[in-house]
Structures are given as C-alpha cells and as structure tokens.
file target11.cif (mmCIF, C-alpha atoms)
data_my_file
loop_
_atom_site.label_atom_id
_atom_site.label_comp_id
_atom_site.auth_asym_id
_atom_site.auth_seq_id
_atom_site.Cartn_x
_atom_site.Cartn_y
_atom_site.Cartn_z
CA MET A 1 85.95 -98.19 176.97
CA HIS A 2 83.57 -101.00 176.13
CA TYR A 3 80.83 -98.72 175.01
CA LEU A 4 83.23 -96.82 172.79
CA LEU A 5 84.28 -100.04 171.13
CA ALA A 6 80.67 -101.13 170.72
CA LEU A 7 79.75 -97.80 169.20
CA ILE A 8 82.62 -97.90 166.74
CA LEU A 9 81.82 -101.46 165.69
CA SER A 10 78.12 -100.84 165.26
CA ILE A 11 78.68 -97.76 163.19
CA SER A 12 81.23 -99.58 161.06
CA PHE A 13 78.40 -101.75 159.78
CA LEU A 14 76.65 -98.67 158.58
CA THR A 15 79.58 -97.64 156.45
CA THR A 16 78.39 -99.94 153.71
CA THR A 17 75.19 -98.00 153.29
CA ALA A 18 76.25 -94.52 154.12
CA HIS A 19 79.23 -92.29 153.71
CA ALA A 20 80.96 -89.76 155.84
CA SER A 21 79.90 -86.23 155.19
CA ASN A 22 82.89 -84.33 153.92
CA SER A 23 81.00 -81.09 154.03
CA SER A 24 81.45 -79.82 150.55
CA GLU A 25 78.31 -81.29 149.09
CA GLY A 26 75.40 -78.91 149.36
CA CYS A 27 74.91 -76.74 152.38
CA ASP A 28 71.59 -77.15 154.09
CA ASN A 29 70.80 -77.45 157.75
CA ASN A 30 71.68 -81.08 157.68
CA SER A 31 75.20 -80.97 156.36
CA GLY A 32 78.56 -80.11 157.81
CA CYS A 33 79.09 -76.94 155.88
CA ILE A 34 78.21 -73.29 156.24
CA GLU A 35 77.82 -70.36 153.87
CA VAL A 36 80.78 -68.01 153.99
CA GLY A 37 80.05 -64.47 155.15
CA ARG A 38 76.60 -65.18 156.50
CA TRP A 39 75.49 -65.46 160.10
CA ASP A 40 73.96 -68.78 160.98
CA ILE A 41 71.57 -68.24 163.84
CA GLY A 42 69.11 -70.69 165.26
CA ILE A 43 67.42 -71.87 168.38
CA ALA A 44 66.16 -75.22 169.50
CA LEU A 45 63.20 -75.33 171.86
CA GLY A 46 62.26 -78.41 173.78
CA TYR A 47 63.23 -80.19 176.93
CA GLY A 48 66.34 -81.86 178.20
CA GLU A 49 68.60 -82.14 181.16
CA LYS A 50 72.28 -81.96 181.93
CA SER A 51 73.22 -83.92 185.01
CA ASN A 52 75.59 -82.29 187.43
CA PRO A 53 78.20 -84.60 188.91
CA LEU A 54 79.03 -82.16 191.70
CA LYS A 55 77.79 -82.85 195.19
CA ASP A 56 75.08 -80.48 196.39
CA PHE A 57 74.59 -79.02 192.91
CA ASP A 58 71.35 -79.49 191.01
CA ASP A 59 71.00 -81.00 187.58
CA ILE A 60 70.42 -78.45 184.86
CA PRO A 61 67.10 -78.51 182.98
CA LEU A 62 67.34 -77.45 179.35
CA TYR A 63 64.62 -75.63 177.49
CA ALA A 64 66.50 -73.90 174.69
CA ILE A 65 69.77 -74.36 172.83
CA PRO A 66 70.82 -71.39 170.73
CA THR A 67 73.36 -71.62 167.96
CA ILE A 68 75.25 -68.77 166.38
CA ALA A 69 78.11 -68.97 163.94
CA TYR A 70 79.89 -66.88 161.35
CA TYR A 71 82.54 -68.14 158.96
CA GLY A 72 84.68 -65.80 156.90
CA ASP A 73 87.20 -66.93 154.33
CA GLN A 74 89.58 -68.05 157.06
CA TRP A 75 88.28 -66.73 160.37
CA PHE A 76 85.31 -68.28 162.06
CA PHE A 77 83.18 -67.88 165.13
CA ASP A 78 81.19 -70.88 166.18
CA ASN A 79 79.22 -70.90 169.43
CA GLY A 80 81.92 -69.13 171.40
CA ASN A 81 84.84 -70.73 169.64
CA ILE A 82 87.02 -68.43 167.57
CA GLY A 83 89.30 -69.91 164.97
CA TYR A 84 91.55 -69.21 162.05
CA THR A 85 92.11 -71.77 159.34
CA LEU A 86 95.81 -72.06 158.61
CA THR A 87 95.53 -74.60 155.87
CA GLU A 88 92.88 -76.84 154.43
CA GLY A 89 92.82 -79.54 151.86
CA GLU A 90 90.39 -82.09 150.58
CA ASN A 91 91.21 -84.44 153.43
CA TYR A 92 92.42 -82.22 156.22
CA THR A 93 92.10 -78.91 158.04
CA ILE A 94 94.43 -77.21 160.50
CA ASN A 95 93.06 -74.35 162.60
CA LEU A 96 94.27 -72.07 165.30
CA VAL A 97 91.44 -71.97 167.78
CA GLY A 98 90.28 -70.34 170.96
CA THR A 99 87.84 -72.20 173.15
CA PHE A 100 86.80 -72.58 176.77
CA SER A 101 86.66 -75.30 179.32
CA THR A 102 83.37 -76.98 180.08
CA ASP A 103 84.22 -77.79 183.69
CA ARG A 104 83.33 -74.39 185.06
CA ALA A 105 79.77 -74.79 183.76
CA PHE A 106 79.03 -77.20 186.58
CA PHE A 107 79.71 -74.43 189.11
CA TYR A 108 78.23 -71.33 187.48
CA ARG A 109 75.07 -70.60 185.58
CA TRP A 110 76.51 -67.94 183.32
CA ASP A 111 79.60 -69.78 182.26
CA PRO A 112 79.89 -69.48 178.45
CA SER A 113 79.34 -73.19 178.14
CA ASN A 114 75.91 -72.60 179.57
CA ILE A 115 75.13 -69.60 177.40
CA PHE A 116 74.93 -71.96 174.46
CA LEU A 117 72.90 -74.32 176.56
CA LEU A 118 70.19 -72.14 178.03
CA LYS A 119 68.33 -73.62 180.92
CA GLY A 120 65.41 -72.90 183.15
CA ASN A 121 67.19 -72.71 186.45
CA SER A 122 70.64 -71.73 187.50
CA VAL A 123 73.27 -74.19 188.58
CA GLU A 124 72.10 -74.10 192.16
CA ARG A 125 73.16 -76.04 195.11
CA ALA A 126 70.52 -78.53 196.14
CA THR A 127 68.84 -77.32 199.28
CA THR A 128 67.20 -80.61 200.08
CA ARG A 129 70.52 -82.25 200.69
CA GLY A 130 71.87 -79.58 202.95
CA PRO A 131 74.50 -76.99 202.23
CA THR A 132 77.50 -79.09 203.07
CA ILE A 133 79.27 -82.18 201.84
CA MET A 134 79.30 -85.00 204.37
CA ALA A 135 82.30 -86.85 203.06
CA ALA A 136 82.40 -89.37 205.87
CA SER A 137 81.46 -89.34 209.48
CA SER A 138 85.06 -88.94 210.57
CA GLU A 139 86.08 -86.50 207.85
CA PRO A 140 85.52 -82.75 207.93
CA GLU A 141 82.83 -81.17 205.84
CA ILE A 142 83.20 -78.81 202.89
CA ASP A 143 80.77 -75.94 202.81
CA THR A 144 79.96 -75.77 199.09
CA SER A 145 78.40 -72.35 199.54
CA GLU A 146 81.81 -71.06 200.53
CA LEU A 147 83.80 -72.39 197.62
CA ALA A 148 86.37 -70.03 196.20
CA ASN A 149 85.76 -68.68 192.72
CA ARG A 150 86.53 -70.89 189.77
CA ASN A 151 87.22 -68.13 187.26
CA PHE A 152 86.49 -68.17 183.57
CA THR A 153 89.37 -68.50 181.19
CA TYR A 154 89.89 -68.92 177.49
CA LEU A 155 92.08 -71.58 175.99
CA GLY A 156 94.13 -71.07 172.85
CA GLY A 157 95.69 -73.74 170.70
CA ALA A 158 95.45 -75.68 167.50
CA GLU A 159 93.21 -78.34 166.08
CA ALA A 160 93.46 -80.65 163.13
CA PHE A 161 90.76 -82.51 161.24
CA LEU A 162 91.23 -85.54 159.05
CA TYR A 163 88.38 -86.40 156.71
CA THR A 164 88.30 -90.07 155.87
CA ARG A 165 85.75 -92.50 154.53
CA PHE A 166 85.49 -93.84 158.03
CA GLY A 167 84.49 -90.50 159.48
CA ILE A 168 86.17 -87.39 160.73
CA VAL A 169 89.00 -87.42 163.23
CA LYS A 170 89.72 -84.31 165.24
CA ALA A 171 92.74 -83.72 167.44
CA SER A 172 93.20 -80.54 169.41
CA VAL A 173 95.35 -79.09 172.13
CA ALA A 174 94.82 -75.78 173.90
CA HIS A 175 96.45 -73.95 176.77
CA ASP A 176 95.11 -71.42 179.26
CA LEU A 177 95.58 -67.95 177.74
CA PHE A 178 94.96 -65.89 180.88
CA ASN A 179 97.04 -67.58 183.55
CA VAL A 180 93.94 -68.64 185.45
CA HIS A 181 95.05 -72.20 185.96
CA ASN A 182 97.91 -72.44 183.45
CA GLY A 183 96.60 -75.79 182.39
CA THR A 184 96.27 -77.56 179.10
CA GLU A 185 93.45 -79.53 177.54
CA ALA A 186 93.59 -81.90 174.62
CA GLN A 187 90.90 -83.73 172.72
CA LEU A 188 90.74 -86.62 170.35
CA LYS A 189 87.37 -87.00 168.67
CA TRP A 190 86.00 -89.32 166.06
CA LEU A 191 82.67 -88.53 164.51
CA TYR A 192 80.59 -90.08 161.82
CA ASN A 193 77.79 -88.45 159.91
CA ILE A 194 75.03 -90.50 158.29
CA PRO A 195 72.58 -88.58 156.10
CA LEU A 196 69.57 -90.69 155.14
CA ASP A 197 66.92 -88.81 153.16
CA SER A 198 65.43 -86.32 155.59
CA TRP A 199 67.35 -87.76 158.50
CA ASN A 200 70.83 -86.97 159.64
CA PHE A 201 72.60 -88.93 162.36
CA GLU A 202 75.90 -87.95 163.87
CA PHE A 203 77.78 -90.20 166.22
CA ALA A 204 80.87 -89.15 168.08
CA ALA A 205 83.33 -90.67 170.51
CA VAL A 206 85.50 -88.24 172.44
CA LEU A 207 88.55 -88.43 174.66
CA ASP A 208 89.09 -85.26 176.70
CA TRP A 209 92.41 -84.94 178.48
CA LYS A 210 92.88 -82.31 181.17
CA SER A 211 96.18 -81.47 182.72
CA GLU A 212 96.76 -81.60 186.46
CA GLN A 213 96.47 -77.80 186.65
CA VAL A 214 92.99 -77.86 185.10
CA VAL A 215 91.75 -80.64 187.37
CA ASP A 216 93.25 -79.00 190.43
CA TYR A 217 91.75 -75.59 189.64
CA TYR A 218 88.19 -76.82 189.21
CA TYR A 219 88.02 -79.91 191.39
CA GLY A 220 90.89 -79.38 193.83
CA ILE A 221 90.25 -78.06 197.33
CA ARG A 222 91.83 -74.81 198.48
CA PRO A 223 93.20 -74.69 202.02
CA SER A 224 90.66 -71.95 202.70
CA GLU A 225 87.87 -74.32 201.71
CA SER A 226 89.08 -77.27 203.74
CA PRO A 227 92.62 -77.67 205.07
CA TYR A 228 91.98 -81.35 205.46
CA TRP A 229 90.76 -82.02 201.94
CA SER A 230 93.34 -79.76 200.39
CA GLU A 231 95.87 -82.24 201.72
CA MET A 232 93.88 -85.40 201.13
CA TYR A 233 92.90 -84.78 197.52
CA GLN A 234 95.79 -84.29 195.16
CA ALA A 235 94.69 -83.58 191.64
CA GLU A 236 96.17 -85.43 188.71
CA SER A 237 95.68 -85.19 184.98
CA ALA A 238 92.47 -86.82 183.84
CA LEU A 239 90.99 -88.42 180.76
CA ASN A 240 87.23 -88.19 180.31
CA GLN A 241 85.49 -90.37 177.73
CA SER A 242 82.29 -89.38 176.00
CA ILE A 243 79.90 -90.59 173.38
CA GLU A 244 77.53 -88.24 171.61
CA PHE A 245 74.59 -88.64 169.34
CA THR A 246 72.80 -85.97 167.36
CA GLY A 247 69.74 -86.93 165.34
CA GLN A 248 67.92 -84.50 163.10
CA TYR A 249 64.86 -84.81 160.95
CA VAL A 250 64.30 -82.10 158.37
CA LEU A 251 60.73 -80.84 158.48
CA THR A 252 61.14 -77.74 156.32
CA GLU A 253 63.95 -75.52 155.12
CA ASN A 254 64.01 -73.85 158.54
CA TRP A 255 62.59 -76.40 160.95
CA ASN A 256 64.27 -79.57 162.17
CA LEU A 257 63.36 -82.04 164.83
CA LEU A 258 66.31 -82.55 167.10
CA LEU A 259 67.51 -85.21 169.49
CA VAL A 260 70.84 -84.71 171.19
CA ALA A 261 72.39 -87.00 173.78
CA ARG A 262 75.76 -87.20 175.44
CA TYR A 263 77.25 -89.49 178.04
CA THR A 264 80.57 -88.70 179.68
CA ASP A 265 82.51 -91.10 181.82
CA ILE A 266 84.41 -88.89 184.24
CA ALA A 267 88.01 -89.83 184.98
CA ASP A 268 88.82 -91.29 188.37
CA ALA A 269 91.25 -88.45 189.00
CA ILE A 270 88.25 -86.10 189.00
CA VAL A 271 85.79 -88.43 190.69
CA ASP A 272 88.21 -88.71 193.60
CA SER A 273 87.58 -85.04 194.37
CA PRO A 274 85.34 -84.54 197.41
CA LEU A 275 83.35 -82.07 195.28
CA VAL A 276 82.27 -84.82 192.88
CA GLU A 277 79.75 -87.50 193.72
CA LYS A 278 79.02 -89.09 190.33
CA ASP A 279 81.48 -90.68 187.98
CA TYR A 280 79.48 -89.70 184.93
CA THR A 281 77.39 -86.91 183.50
CA THR A 282 74.64 -87.19 180.94
CA THR A 283 72.96 -84.65 178.75
CA TYR A 284 69.95 -85.06 176.54
CA PHE A 285 67.65 -82.73 174.67
CA VAL A 286 64.58 -83.33 172.52
CA GLY A 287 62.98 -80.50 170.63
CA ALA A 288 62.45 -78.56 167.46
CA ALA A 289 65.17 -76.38 165.99
CA TYR A 290 64.62 -73.29 163.89
CA ARG A 291 67.36 -71.80 161.69
CA PHE A 292 66.86 -68.18 160.70
CA MET B 1 119.48 -13.57 113.03
CA LEU B 2 117.74 -16.19 115.02
CA SER B 3 119.83 -18.47 117.09
CA LEU B 4 119.68 -22.23 116.51
CA THR B 5 117.81 -22.69 119.79
CA LYS B 6 115.08 -20.22 118.80
CA LYS B 7 114.75 -21.87 115.39
CA LEU B 8 114.26 -25.22 116.97
CA PHE B 9 111.71 -23.72 119.41
CA LEU B 10 109.68 -22.08 116.63
CA CYS B 11 109.80 -25.27 114.63
CA PHE B 12 108.49 -27.18 117.64
CA ILE B 13 105.63 -24.70 118.16
CA PHE B 14 104.71 -24.74 114.47
CA CYS B 15 104.75 -28.50 114.31
CA SER B 16 102.66 -28.74 117.47
CA VAL B 17 100.02 -26.41 116.03
CA LEU B 18 99.85 -28.43 112.84
CA SER B 19 99.65 -31.74 114.64
CA GLY B 20 96.94 -30.42 116.99
CA TYR B 21 94.94 -29.24 114.02
CA ALA B 22 95.34 -32.59 112.36
CA VAL B 23 94.16 -34.49 115.49
CA ALA B 24 91.17 -32.20 115.90
CA ASP B 25 90.30 -32.84 112.34
CA GLU B 26 90.39 -36.62 112.88
CA ASP B 27 88.12 -36.35 115.95
CA GLU B 28 85.29 -34.87 113.98
CA GLU B 29 83.51 -38.11 113.17
CA GLU B 30 80.39 -38.36 111.17
CA PRO B 31 77.20 -39.28 113.06
CA LEU B 32 76.50 -43.03 113.08
CA ALA B 33 74.21 -44.10 110.33
CA ALA B 34 72.32 -46.31 112.76
CA SER B 35 72.33 -47.39 116.39
CA LEU B 36 70.79 -50.39 118.09
CA SER B 37 70.05 -50.61 121.79
CA LEU B 38 68.82 -53.38 124.06
CA SER B 39 67.06 -53.29 127.38
CA PRO B 40 67.93 -55.05 129.56
CA GLU B 41 71.40 -55.95 128.37
CA ILE B 42 72.07 -58.56 131.05
CA CYS B 43 69.82 -61.34 132.28
CA ILE B 44 70.88 -62.95 135.56
CA THR B 45 69.51 -66.38 136.26
CA SER B 46 69.10 -67.80 139.72
CA ALA B 47 71.74 -70.16 141.05
CA ASP B 48 69.56 -73.23 140.60
CA GLU B 49 67.90 -72.16 137.32
CA GLU B 50 70.11 -71.89 134.33
CA THR B 51 67.53 -70.44 131.93
CA CYS B 52 66.90 -66.76 131.53
CA ASN B 53 63.24 -65.98 130.97
CA THR B 54 62.54 -62.33 130.28
CA GLU B 55 61.27 -59.82 127.74
CA VAL B 56 63.86 -57.65 126.07
CA VAL B 57 63.23 -54.57 123.94
CA LEU B 58 65.36 -53.75 120.93
CA GLY B 59 65.34 -50.09 119.93
CA TRP B 60 67.02 -48.43 116.96
CA GLU B 61 67.62 -45.06 115.42
CA LEU B 62 68.41 -44.48 111.79
CA LEU B 63 70.01 -41.40 110.30
CA HIS B 64 68.16 -42.05 107.07
CA ASP B 65 64.96 -44.01 106.84
CA ARG B 66 65.51 -47.34 105.27
CA PRO B 67 64.16 -50.87 105.58
CA ILE B 68 66.10 -52.92 108.11
CA CYS B 69 66.26 -56.46 109.31
CA ILE B 70 67.29 -57.74 112.71
CA LEU B 71 69.12 -61.04 112.80
CA SER B 72 70.03 -63.04 115.84
CA ASP B 73 71.37 -66.40 116.91
CA TYR B 74 68.25 -66.87 119.07
CA LYS B 75 66.20 -69.69 117.65
CA GLU B 76 62.89 -67.81 117.90
CA LEU B 77 64.17 -64.72 116.11
CA LYS B 78 66.35 -65.72 113.24
CA LYS B 79 65.29 -62.76 111.12
CA TRP B 80 62.82 -59.96 111.57
CA CYS B 81 62.40 -57.14 109.05
CA ASN B 82 60.72 -53.78 109.07
CA SER B 83 60.17 -51.15 106.41
CA SER B 84 58.01 -48.70 108.32
CA PRO B 85 59.78 -45.56 109.54
CA ASP B 86 57.24 -45.35 112.37
CA VAL B 87 58.45 -48.57 113.97
CA ASN B 88 61.69 -48.27 115.88
CA SER B 89 61.47 -50.93 118.59
CA LEU B 90 60.82 -54.62 118.95
CA ALA B 91 59.90 -56.59 122.08
CA VAL B 92 61.09 -60.17 122.22
CA ASN B 93 60.36 -62.83 124.82
CA ILE B 94 63.54 -64.63 125.61
CA SER B 95 64.14 -68.02 127.12
CA ALA B 96 67.80 -68.76 126.83
CA ASN B 97 70.72 -70.14 128.71
CA LYS B 98 73.48 -68.47 126.71
CA ASP B 99 74.30 -65.05 125.29
CA ILE B 100 72.29 -63.81 122.31
CA GLN B 101 73.75 -61.60 119.59
CA PHE B 102 71.47 -59.20 117.70
CA VAL B 103 72.56 -57.54 114.47
CA MET B 104 70.72 -54.87 112.47
CA ILE B 105 71.33 -54.86 108.73
CA ASP B 106 70.11 -52.87 105.79
CA LYS B 107 67.38 -54.98 104.26
CA ASP B 108 68.36 -54.16 100.72
CA THR B 109 72.12 -53.94 100.81
CA HIS B 110 72.67 -56.35 103.72
CA GLU B 111 75.08 -53.82 105.14
CA THR B 112 75.63 -54.33 108.84
CA LEU B 113 74.42 -51.23 110.63
CA ALA B 114 74.74 -52.03 114.35
CA GLY B 115 74.77 -54.84 116.87
CA VAL B 116 74.08 -55.56 120.53
CA LYS B 117 74.45 -58.59 122.79
CA LEU B 118 72.19 -59.91 125.54
CA LYS B 119 74.43 -61.39 128.18
CA VAL B 120 72.99 -64.36 130.06
CA THR B 121 74.83 -64.98 133.29
CA GLN B 122 74.17 -67.27 136.18
CA ALA B 123 74.13 -65.88 139.69
CA SER B 124 77.14 -67.30 141.43
CA SER B 125 76.35 -69.93 144.02
CA PRO B 126 77.11 -68.82 147.56
CA GLN B 127 80.57 -69.84 148.69
CA VAL B 128 80.50 -72.47 151.38
CA ARG B 129 83.12 -74.04 153.58
CA ARG B 130 83.37 -76.76 156.17
CA ARG B 131 81.81 -76.15 159.52
CA TYR B 132 83.98 -77.44 162.33
CA ARG B 133 81.42 -77.65 165.10
CA ASN B 134 78.09 -79.35 165.47
CA PRO B 135 75.63 -76.45 165.72
CA TRP B 136 73.72 -78.28 168.43
CA SER B 137 76.66 -79.54 170.39
CA LEU B 138 75.99 -79.86 174.07
CA PHE B 139 79.66 -79.49 174.87
#
call {"tool": "encode", "arguments": {"input": "target11.cif", "output": "structure tokens"}}
result
Amino acid sequence: MHYLLALILSISFLTTTAHASNSSEGCDNNSGCIEVGRWDIGIALGYGEKSNPLKDFDDIPLYAIPTIAYYGDQWFFDNGNIGYTLTEGENYTINLVGTFSTDRAFFYRWDPSNIFLLKGNSVERATTRGPTIMAASSEPEIDTSELANRNFTYLGGAEAFLYTRFGIVKASVAHDLFNVHNGTEAQLKWLYNIPLDSWNFEFAAVLDWKSEQVVDYYYGIRPSESPYWSEMYQAESALNQSIEFTGQYVLTENWNLLLVARYTDIADAIVDSPLVEKDYTTTYFVGAAYRF
Amino acid sequence: MLSLTKKLFLCFIFCSVLSGYAVADEDEEEPLAASLSLSPEICITSADEETCNTEVVLGWELLHDRPICILSDYKELKKWCNSSPDVNSLAVNISANKDIQFVMIDKDTHETLAGVKLKVTQASSPQVRRRYRNPWSLF
C-alpha cells in the first residue's frame, strides 16, 4: 500500500494548482463528459504491452486501443459496460451497471476485455518454456494446454460516484448474472483529473475485491486438471491493488497524444495459485489517439 | 294545428338558417389594404456565435398605391421610405443578436399597414453529461 499512499500524497500537493474535473464544464476530448445521443468512437495507435501473470502464457503486445461509447439521457454504453443512471446530482451519481471481469482476459485472446485492448498476438502459451508448469520437482505438473474452459460471464450490479474537490470516488459491486461462477466483485476507486492547458493527467488508485467464487473459477484448479493441485490450492477472496495513469496532450480537435500506464499488485490469494507466477501485472501504452 | 314540438322544431330550423347566414356574412372580410413579408423570418446563430449575420428581404403588396415607410428597431434601419409604385421590396443586411420588428406605415397618414418580425435564435448547445469511464482505460 506504500505506493498508493505516496501517490495520494503527491497528488494532494497538486490540488492547490488544479481542480478535480466535475465533468460539466465543456466537453472536448480532454474532459470527463460526453455529448448525449452521439456515438463517441476513437482509436489509439501506438505500442504498449500488458504483462501476463500466468505461467506459460505470453505477455500481450498492444498496438491499438479502440474506444466506443454512447450515452442517452439515462442509458449508456461505454466500452462494453452497459449502465442506467438511477439518480444524479451535482456531487453524486448512482448507476445500475453491467460489466465483465478482467481475469478471463489473461486466458483468452477474444475476451471482451481484450476487444477494447487490441493486440498483435493472441494470449498464447509460451512455447519456449515448455507446455507444462513445473511447480516443484516433487509436485505434479499442470498441463496448461489442457486447462478447462474459463467461460465468459457478465456481471450486474450498482455503482456510485462521489464528486469532491479532492477527486472522484467510485464504489461498485456486481454479481455474476449467468451462473458461471456465481461470484461477486467490488471496486473502490479514487481518481483525480488535472487539466493543464493542452495537457490532461488522470491518476487513479483502485482496490478490486473478488469473491472466493471468482478466484476459484479463474485461478482454481479443477480435479480434471490436476487432482493434486485441486486439493492443494484452495481459493479465497482476494483484493488486488492498482494505480493508473493516463496522460493526454491535445494536438488538434481530433488528435491526442496518449500515455497510459497501470500497475496491479495481485493479491496473495491469487498468486498462491499454481497457474500464477507473478504477483503483479503491468500495462502501458504510448501512442496517438484519434476521435471521430 | 301544429303541435308544440313541431313549432319548436321549425323555430330551431329558422333560427339556424338566420344564424348561418349571419356568420357567413361576417366571414366575408375585405382584402387587406397591405401586406408585408420577410425572408428569411428566422436567423439561427451557431452555438458559439451569438450574432446573426444575414441578408433579409422585405416584400410588400399594396391594394392601393401609396407612399410607405418601413420602420424598425434595428439600428441601421430606423426608417426607410418609398413613394415609387414600382418598388415593392427592400434588401437589408442584418447583424443582430436579438429579434427585429419591422412595421410598414402609410407615409402620409402614419397609419400602420402591416408588420413582420425577424426572429434571432441561438442554436441550442448540445446536451452533455458525465462520462463514467476513461475512454482509454486499460481495464
């Protein structure tokens, strides 16, 4: 948590010279608002990489990040998330929302999380390291090419935003809608937006909680995959911690330069899985973004 | 001898005929002595520009030729008069941020003959709302 604390403290100094974007002022590519009834479509081209914490799975190179959103008076679609605004005031918003888990993206190329994060290669198992996990010399191996399906599911729940002078606080909770894992995810996020002339910086600190069912479904071991590890690894609920940074420089009305970075500290309950070899995942992307 | 019901019925028919005749008589209005038209009638400014810049054309028809004057609350056209029966339109360059009222009067009697209004309206700004996701979120 040290880096979260450091981030919060450092950004607090900036509060004297900048203010949190509360979205209602103007609506260009650099602000947190969107025109009602109009599709917002864009694509960022450049290079980046999303590290894969799974054993035997390759990191994911990034060449393009599309964005697509549509906001009606109350309904909205935003990069795969579907929501309905129940109530909104000057300082708060409460939405019903449908979203999806990001964990499956480490296993499958065409997971929706990866659709909005196009990449050059699929999420492939690394061939240079062999097709199996060598957990320990005395422990049985898991053939990662024979893993059972981790199916896609959609989560439905609610989210609330508080808009304060110290940034935006988001709290959300969502439950599996399709009985895939019957799990629940919750998120607490703090983000701070600093517009400076043609620049816009957004910092965020995120806590992602996943119930035992979610962790077990994605990172647990089925008896068919390894009877030994299905007994040895018992999934528990997990709390991932992330920091995010998005920097944009406005070149023209349509073109922005873009730098996006994210670091996630993966919870021990997940790292303990024999499928996972890193206790963190990083993502970065540098490029130019075009909004149509 | 007519029954009371029939008397009332005939009375109703008779009164209806009279009233219909009277209404028809009221509907026969005399042609207007003059008419004034404007094209265009509405000037829409862009959302970020409040001023309407356009050329409008005033046109008029008179039942009887007579000298007229056109008055307006537009600063560049306080009063314009014409006595020629061959002239029946006037082009005016407008730069305004509010409605303009034009009135045509008889030059000699100052009788008001007709009037039109140019409506200046600002295009409504697009409605916006908060966006709840960073468009470039990497999840």
call {"tool": "residues_around", "arguments": {"input": "target11.cif", "residues": "range 49-62 of chain B", "least_positions_apart": "5", "cutoff": "7 Å", "atoms": "all atoms listed in the file", "output": "number ranges by chain"}}
result
B: 33-40, 43-44, 88-97, 120, 122
call {"tool": "write_last_selection", "arguments": {"input": "target11.cif", "atoms": "C-alpha atoms", "output": "PDB file, in the coordinates of the input"}}
result
ATOM      1  CA  ALA B  33      74.210 -44.100 110.330  1.00  0.00           C
ATOM      2  CA  ALA B  34      72.320 -46.310 112.760  1.00  0.00           C
ATOM      3  CA  SER B  35      72.330 -47.390 116.390  1.00  0.00           C
ATOM      4  CA  LEU B  36      70.790 -50.390 118.090  1.00  0.00           C
ATOM      5  CA  SER B  37      70.050 -50.610 121.790  1.00  0.00           C
ATOM      6  CA  LEU B  38      68.820 -53.380 124.060  1.00  0.00           C
ATOM      7  CA  SER B  39      67.060 -53.290 127.380  1.00  0.00           C
ATOM      8  CA  PRO B  40      67.930 -55.050 129.560  1.00  0.00           C
ATOM      9  CA  CYS B  43      69.820 -61.340 132.280  1.00  0.00           C
ATOM     10  CA  ILE B  44      70.880 -62.950 135.560  1.00  0.00           C
ATOM     11  CA  ASN B  88      61.690 -48.270 115.880  1.00  0.00           C
ATOM     12  CA  SER B  89      61.470 -50.930 118.590  1.00  0.00           C
ATOM     13  CA  LEU B  90      60.820 -54.620 118.950  1.00  0.00           C
ATOM     14  CA  ALA B  91      59.900 -56.590 122.080  1.00  0.00           C
ATOM     15  CA  VAL B  92      61.090 -60.170 122.220  1.00  0.00           C
ATOM     16  CA  ASN B  93      60.360 -62.830 124.820  1.00  0.00           C
ATOM     17  CA  ILE B  94      63.540 -64.630 125.610  1.00  0.00           C
ATOM     18  CA  SER B  95      64.140 -68.020 127.120  1.00  0.00           C
ATOM     19  CA  ALA B  96      67.800 -68.760 126.830  1.00  0.00           C
ATOM     20  CA  ASN B  97      70.720 -70.140 128.710  1.00  0.00           C
ATOM     21  CA  VAL B 120      72.990 -64.360 130.060  1.00  0.00           C
ATOM     22  CA  GLN B 122      74.170 -67.270 136.180  1.00  0.00           C
TER      23      GLN B 122
END
call {"tool": "resolve_selection", "arguments": {"input": "target11.cif", "expression": "the PyMOL selection byres ((chain B) within 9 of (chain A))", "output": "VMD selection string"}}
result
chain B and resid 126 to 139
call {"tool": "resolve_selection", "arguments": {"input": "target11.cif", "expression": "the PyMOL selection byres ((chain A and resi 217-229) around 8)", "output": "list of chain:residue names"}}
result
A:Asp103, A:Arg104, A:Pro140, A:Glu141, A:Ile142, A:Asp143, A:Glu146, A:Leu147, A:Ala148, A:Arg150, A:His181, A:Gln213, A:Val214, A:Val215, A:Asp216, A:Ser230, A:Glu231, A:Met232, A:Tyr233, A:Gln234, A:Ala235, A:Ile270, A:Ser273, A:Pro274, A:Leu275, A:Val276
call {"tool": "atom_distance", "arguments": {"input": "target11.cif", "atom1": "CA of Gln241 in chain A", "atom2": "CA of Thr184 in chain A"}}
result
16.8 Å
call {"tool": "atom_distance", "arguments": {"input": "target11.cif", "atom1": "CA of Leu239 in chain A", "atom2": "CA of Val206 in chain A"}}
result
10.0 Å
call {"tool": "resolve_selection", "arguments": {"input": "target11.cif", "expression": "the PyMOL selection byres ((chain B and resi 103) around 6)", "output": "list in words"}}
result
Ile70, Leu71, Phe102, Met104, Ala114 and Gly115 of chain B
call {"tool": "atom_distance", "arguments": {"input": "target11.cif", "atom1": "CA of Asp99 in chain B", "atom2": "CA of Thr121 in chain B"}}
result
8.0 Å
call {"tool": "axis_aligned_box", "arguments": {"input": "target11.cif", "around": "range 77-83 of chain B", "padding_each_side": "5 Å", "output": "AutoDock Vina command-line options"}}
result
--center_x 63.3 --center_y -58.4 --center_z 111.3 --size_x 16.2 --size_y 24.6 --size_z 19.7
call {"tool": "residues_around", "arguments": {"input": "target11.cif", "residues": "Asp108 in chain B", "least_positions_apart": "3", "cutoff": "10 Å", "atoms": "all atoms listed in the file", "output": "list in words"}}
result
Arg66, Pro67, Ile68, Cys69, Ile105 and Glu111 of chain B
call {"tool": "closest_residue", "arguments": {"input": "target11.cif", "among": "A:Asn256, A:Asp272, A:Ala158, A:Val286", "to": "Tyr63 in chain A", "atoms": "all atoms listed in the file"}}
result
A:Val286
